[in-house]
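S.K.: Quick one: the structure is below, questions incoming.
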Amino acid sequence: MRTTLKRGIGQGAEVGAGGQAAVPLFGPMARYRQEGRPRRSVLGIILRGLGWLALALVVIGSGVAGGLYLYIHGTLAAISTPTKVTRVASQYESKLTSPSQPAIALVAGYDVRGKMSGANPYAGSNSDTLMLLRADPVHDTLSLLSFPRDLYVNIYCHGDVVDTQDRINSAWGNCSNGPAGTLDTMEHLIGLKINYLITLDFHAFKQLVNNLHGVYMNVDRRYYIPLHTGVSAINLQPGYQKLVGGQALSYVRYRHTDSDIYRTGRQQLFIEALKSRLRTSLSISNLPFEVPKLIHVLKDNIKVVKAGNLSVGFDELTKYLNLIYSLPPGHLFRNQIPYPAFHFFTTSAGADVESASPAAIAAAVHSFQNPDLRQTQVVSGQFGGVKKTPKKKTKVRKLPRSQVSVLVLNAGNVPGEAANTTYLLSRSGYTMKELPAGDVANAPKATTDTTIYYDINQPDAQLAAQQLLPLFGPHTHVTQMTTAIQNIASRAGNPVTVVAVGTSFPGKLVVHHAPKVQPKAPPQVSPGAAMTAPRLRQVYDRVHFPLMVPHEIAAGATLSSSEGVRAFKPLQNQHEVAMSFVMPNQIEYWDIEESTWNSAPILSNPSFTIIHRGQKYDVYTTGGQVQMVALRTPRATYWVTNSILNELSNSTMIAIAESLRPLRR
């Protein structure tokens, strides 16, 4: 077979002399290559790797966060779903319309969860704890008010009819509607509507404490009741230490050598310690791991019921929890009926109970409802608290109220809020303006904060707005009128100011009264070095840090006969000495702690600082009462803690702390 291609000659080639191709069909072959990628620098490779890693973490984090979010929502629904019992308790009307408003919750702790059957599934249970909490996101305050379970009151099981007179906790087990009777009885006692009912059994209490890996408490004295005595056993030594679930429960339930009044004080101190523990335990790093465990405990053992038979929203829950978590120092207020106001007696049935006058209860409720942040400032001023250099104040001219014209608009979600606020301002003497009949007094948009607008075209308008500002609380702003506000104002006769009332407005104007605090008086102290120095020398070699001697102690106090001075380790590599003092009534205890643990949670967030003889002392208050005074040094911290009911005066507390001197060997 012959081919048509010969010696590289193709069919289309011309043949020249000698049979060679005159012009080749293909010229020299050019080889084309795809342009190569530029070589990456090491830095570029690292950055690209980090970028992919970040993206992966975001995806994983979003999945975890989303799953956690759904888990919390599902758990929240389980916690707040009304049951046969709590549905009855949740049918009370409430003025709570926004999580920005102050809210009151009744916390009821009980010892046995009844079976969900019968007219009252909680029959046979004991509500050992009845505590009111008031969370105020407007002023960033948390108020506590406790009532002893043996307080003799009118019991209301159904509406406004008094069923009987008995201990306040009897409504829980004896009313046919269980917790609803407790809620009804409490509302009649305090004269306030309760927004939430929170029920917690003792098993959940212990689990909650254990999941936080314990709660650090300042135990004021030796608590000991052995097992099998017919009452709750307890075995605690004095000092600042970690309490696990069973220990914490025994502490908050104890009342056998003092009274039910002191038990409520211990419960309030525990709430304060729990708040501190939550702040340190639920950090960003371990939040994804700890929250599911805590929520699991809450889901199985806690019920939160909102007034009006409504479920608890995620936004309102996070709003109030964030307030508790980030509460500023000095913004926790502990309230109780004063111990001397109680009358102790025995009923005809042989029950030991106590009563308090309506005036004493009303005074405690008023303090609970109106926490005054100025109290801490007054106490600080009494004892020379360290303050920032005050700016020179220029005298501000004050306008007559009749010259301040105001139009009120509703920027919230409460019907009639504008009309109500207009009435309140008119009673205070301001000149009120209103829109023509048929116009709705609504702001252009709803807001959380209240805004006071002023007309820049009218004289003294900004001064008028600033004069109104204190009446509406801290979450209020002043600004000049916008075009939209000006258009509304023109229909009301062009007032000098327009107030757009937001959802944070509590429905009443702020009326300023002088804060009520203890008057500064001479401290009630007596010499203490001769009593304490020998006992401190006995433990000096065990603690390996300089000890201090109180040269002054509360008048009449003595070291407790049971572990009056105790040396121990609050945690690994830290040393502590606790001195426990008892007053002549053998009920009231206070203590001094000396510890190398300078970062102990109890020492965080002092209310203010004072300086005495070149030494700096941190002062911790609850309202206008000094609860603790601490002296910090590089090697150790020394602090004086008031009694459970804060019975030592402010002057006495500070005098004891300022008398601390180094122990001479």
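Following the order of the structure tokens, chains are lettered A, B, ..., residues in each are numbered from 1, and ligands are numbered from 1.
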Could you tell me, as JSON, numbers by chain, which residues of stretch 439-651 of chain A DSSP assigns to helix (DSSP H, G or I) when given the backbone?
M.R.: {"A": [461, 462, 463, 464, 465, 466, 467, 468, 469, 470, 471, 472, 483, 484, 485, 486, 487, 488, 489, 490, 529, 530, 531, 532, 533, 534, 535, 536, 537, 538, 539, 540, 541, 542, 543, 601, 602, 603, 650, 651]}
S.K.: Take the selection from the previous step and output its residues with C-alpha atoms, as a PDB file, in the first residue's frame.
M.R.:
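Just written: part_7.pdb:
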```pdb
ATOM      1  CA  ALA A 461     -36.982  76.484  75.478  1.00  0.00           C
ATOM      2  CA  GLN A 462     -33.882  74.389  76.183  1.00  0.00           C
ATOM      3  CA  LEU A 463     -33.862  75.584  79.802  1.00  0.00           C
ATOM      4  CA  ALA A 464     -37.509  74.485  80.101  1.00  0.00           C
ATOM      5  CA  ALA A 465     -36.674  71.030  78.729  1.00  0.00           C
ATOM      6  CA  GLN A 466     -33.775  70.618  81.149  1.00  0.00           C
ATOM      7  CA  GLN A 467     -36.105  71.587  83.975  1.00  0.00           C
ATOM      8  CA  LEU A 468     -38.485  68.769  83.006  1.00  0.00           C
ATOM      9  CA  LEU A 469     -35.684  66.199  82.646  1.00  0.00           C
ATOM     10  CA  PRO A 470     -35.427  65.024  86.307  1.00  0.00           C
ATOM     11  CA  LEU A 471     -39.147  64.241  86.411  1.00  0.00           C
ATOM     12  CA  PHE A 472     -38.845  61.377  83.923  1.00  0.00           C
ATOM     13  CA  THR A 483     -39.630  68.520  61.676  1.00  0.00           C
ATOM     14  CA  ALA A 484     -42.120  65.748  62.461  1.00  0.00           C
ATOM     15  CA  ILE A 485     -42.424  66.842  66.106  1.00  0.00           C
ATOM     16  CA  GLN A 486     -42.696  70.496  65.075  1.00  0.00           C
ATOM     17  CA  ASN A 487     -45.604  69.650  62.776  1.00  0.00           C
ATOM     18  CA  ILE A 488     -47.434  67.929  65.634  1.00  0.00           C
ATOM     19  CA  ALA A 489     -46.633  70.765  68.055  1.00  0.00           C
ATOM     20  CA  SER A 490     -48.042  73.350  65.660  1.00  0.00           C
ATOM     21  CA  ALA A 529      -6.803  43.956 121.479  1.00  0.00           C
ATOM     22  CA  ALA A 530      -6.450  42.216 124.838  1.00  0.00           C
ATOM     23  CA  MET A 531      -9.162  39.737 123.869  1.00  0.00           C
ATOM     24  CA  THR A 532      -8.064  38.963 120.314  1.00  0.00           C
ATOM     25  CA  ALA A 533      -4.250  39.251 120.215  1.00  0.00           C
ATOM     26  CA  PRO A 534      -3.502  36.104 122.310  1.00  0.00           C
ATOM     27  CA  ARG A 535      -5.864  34.015 120.180  1.00  0.00           C
ATOM     28  CA  LEU A 536      -4.343  35.332 116.953  1.00  0.00           C
ATOM     29  CA  ARG A 537      -0.821  34.471 118.157  1.00  0.00           C
ATOM     30  CA  GLN A 538      -1.933  30.845 118.575  1.00  0.00           C
ATOM     31  CA  VAL A 539      -2.676  30.510 114.855  1.00  0.00           C
ATOM     32  CA  TYR A 540       0.009  32.862 113.488  1.00  0.00           C
ATOM     33  CA  ASP A 541       2.457  30.124 112.488  1.00  0.00           C
ATOM     34  CA  ARG A 542      -0.228  28.216 110.589  1.00  0.00           C
ATOM     35  CA  VAL A 543      -1.168  30.911 108.098  1.00  0.00           C
ATOM     36  CA  PRO A 601     -15.450  37.499  94.887  1.00  0.00           C
ATOM     37  CA  ILE A 602     -16.811  39.141  98.039  1.00  0.00           C
ATOM     38  CA  LEU A 603     -14.189  41.896  97.655  1.00  0.00           C
ATOM     39  CA  ASN A 650     -22.194  52.538 110.113  1.00  0.00           C
ATOM     40  CA  SER A 651     -19.885  54.427 112.492  1.00  0.00           C
TER      41      SER A 651
END
```
S.K.: Can you pull out every residue from stretch 350-405 of chain A that DSSP, working from the backbone, puts in strand (DSSP E or B), and format the result as a VMD selection string?
M.R.: chain A and resid 352 to 356 385 405
S.K.: Take atom CA of A:Leu425 and atom CA of A:Thr479 and report the distance between them in Å, one decimal.
M.R.: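 Atom CA of A:Thr479 lies at a distance of 19.6 Å from atom CA of A:Leu425.
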S.K.: Quick one: residues within 6 Å of stretch 400-413 of chain A, only C-alpha atoms counted, chain neighbours fewer than 2 positions away excluded, as a VMD selection string?
M.R.: chain A and resid 418 429 to 433 441 to 443 446 to 447 464 495 to 503
S.K.: Just give me the gap between atom CA of A:Ile104 and atom CA of A:Leu142 in Å, one decimal is fine.
M.R.: 9.9 Å
S.K.: Between atom CA of A:His331 and atom CA of A:Thr141, what distance in Å does the model show, to one decimal?
M.R.: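 Between atom CA of A:His331 and atom CA of A:Thr141 the gap is 4.9 Å.
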S.K.: So, counting only C-alpha atoms, which residue among A:Ser276, A:Thr596, A:Ser526, A:Thr347 is closest to A:Leu547?
M.R.: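 With only C-alpha atoms as the atom set, the closest residue is A:Thr596.
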S.K.: From the set A:Gly614, A:Pro137, A:Gly528, A:Pro546, which residue has the shortest atom-to-atom contact distance to A:Gly473, counting only C-alpha atoms?
M.R.: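 Ranking A:Gly614, A:Pro137, A:Gly528, A:Pro546 by distance to A:Gly473, first place goes to A:Pro137.
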S.K.: Considering only C-alpha atoms, state which residue in the set A:Tyr589, A:Tyr620, A:Tyr325, A:Tyr110 is at the smallest distance from A:His203.
M.R.: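 Between A:Tyr589, A:Tyr620, A:Tyr325, A:Tyr110, the residue approaching A:His203 most closely is A:Tyr110.
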S.K.: Smallest atom-to-atom distance to A:Leu327: which of A:Ala135, A:Leu424, A:Leu192, A:Leu183, using only C-alpha atoms?
M.R.: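 Selected residue with least distance to A:Leu327: A:Ala135.
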S.K.: Smallest atom-to-atom distance to A:Val153: which of A:Gly556, A:Val215, A:Val353, A:Asn177, using only C-alpha atoms?
M.R.: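 Of all the options, A:Val353 lies closest to A:Val153.
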S.K.: Which residues are near stretch 240-250 of chain A? Cut-off 8 Å, only C-alpha atoms, ignore same chain within fewer than 2 positions. Put them as an MDAnalysis selection string.
M.R.: chainID A and resid 202 205:210 213:219 232:236 238 252:254 570 578 593
S.K.: Pick from A:His513, A:Thr451, A:Gly493, A:Val577: nearest to A:His475, with only C-alpha atoms counted?
M.R.: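 Once distances to A:His475 are computed over only C-alpha atoms, the minimum belongs to A:Thr451.
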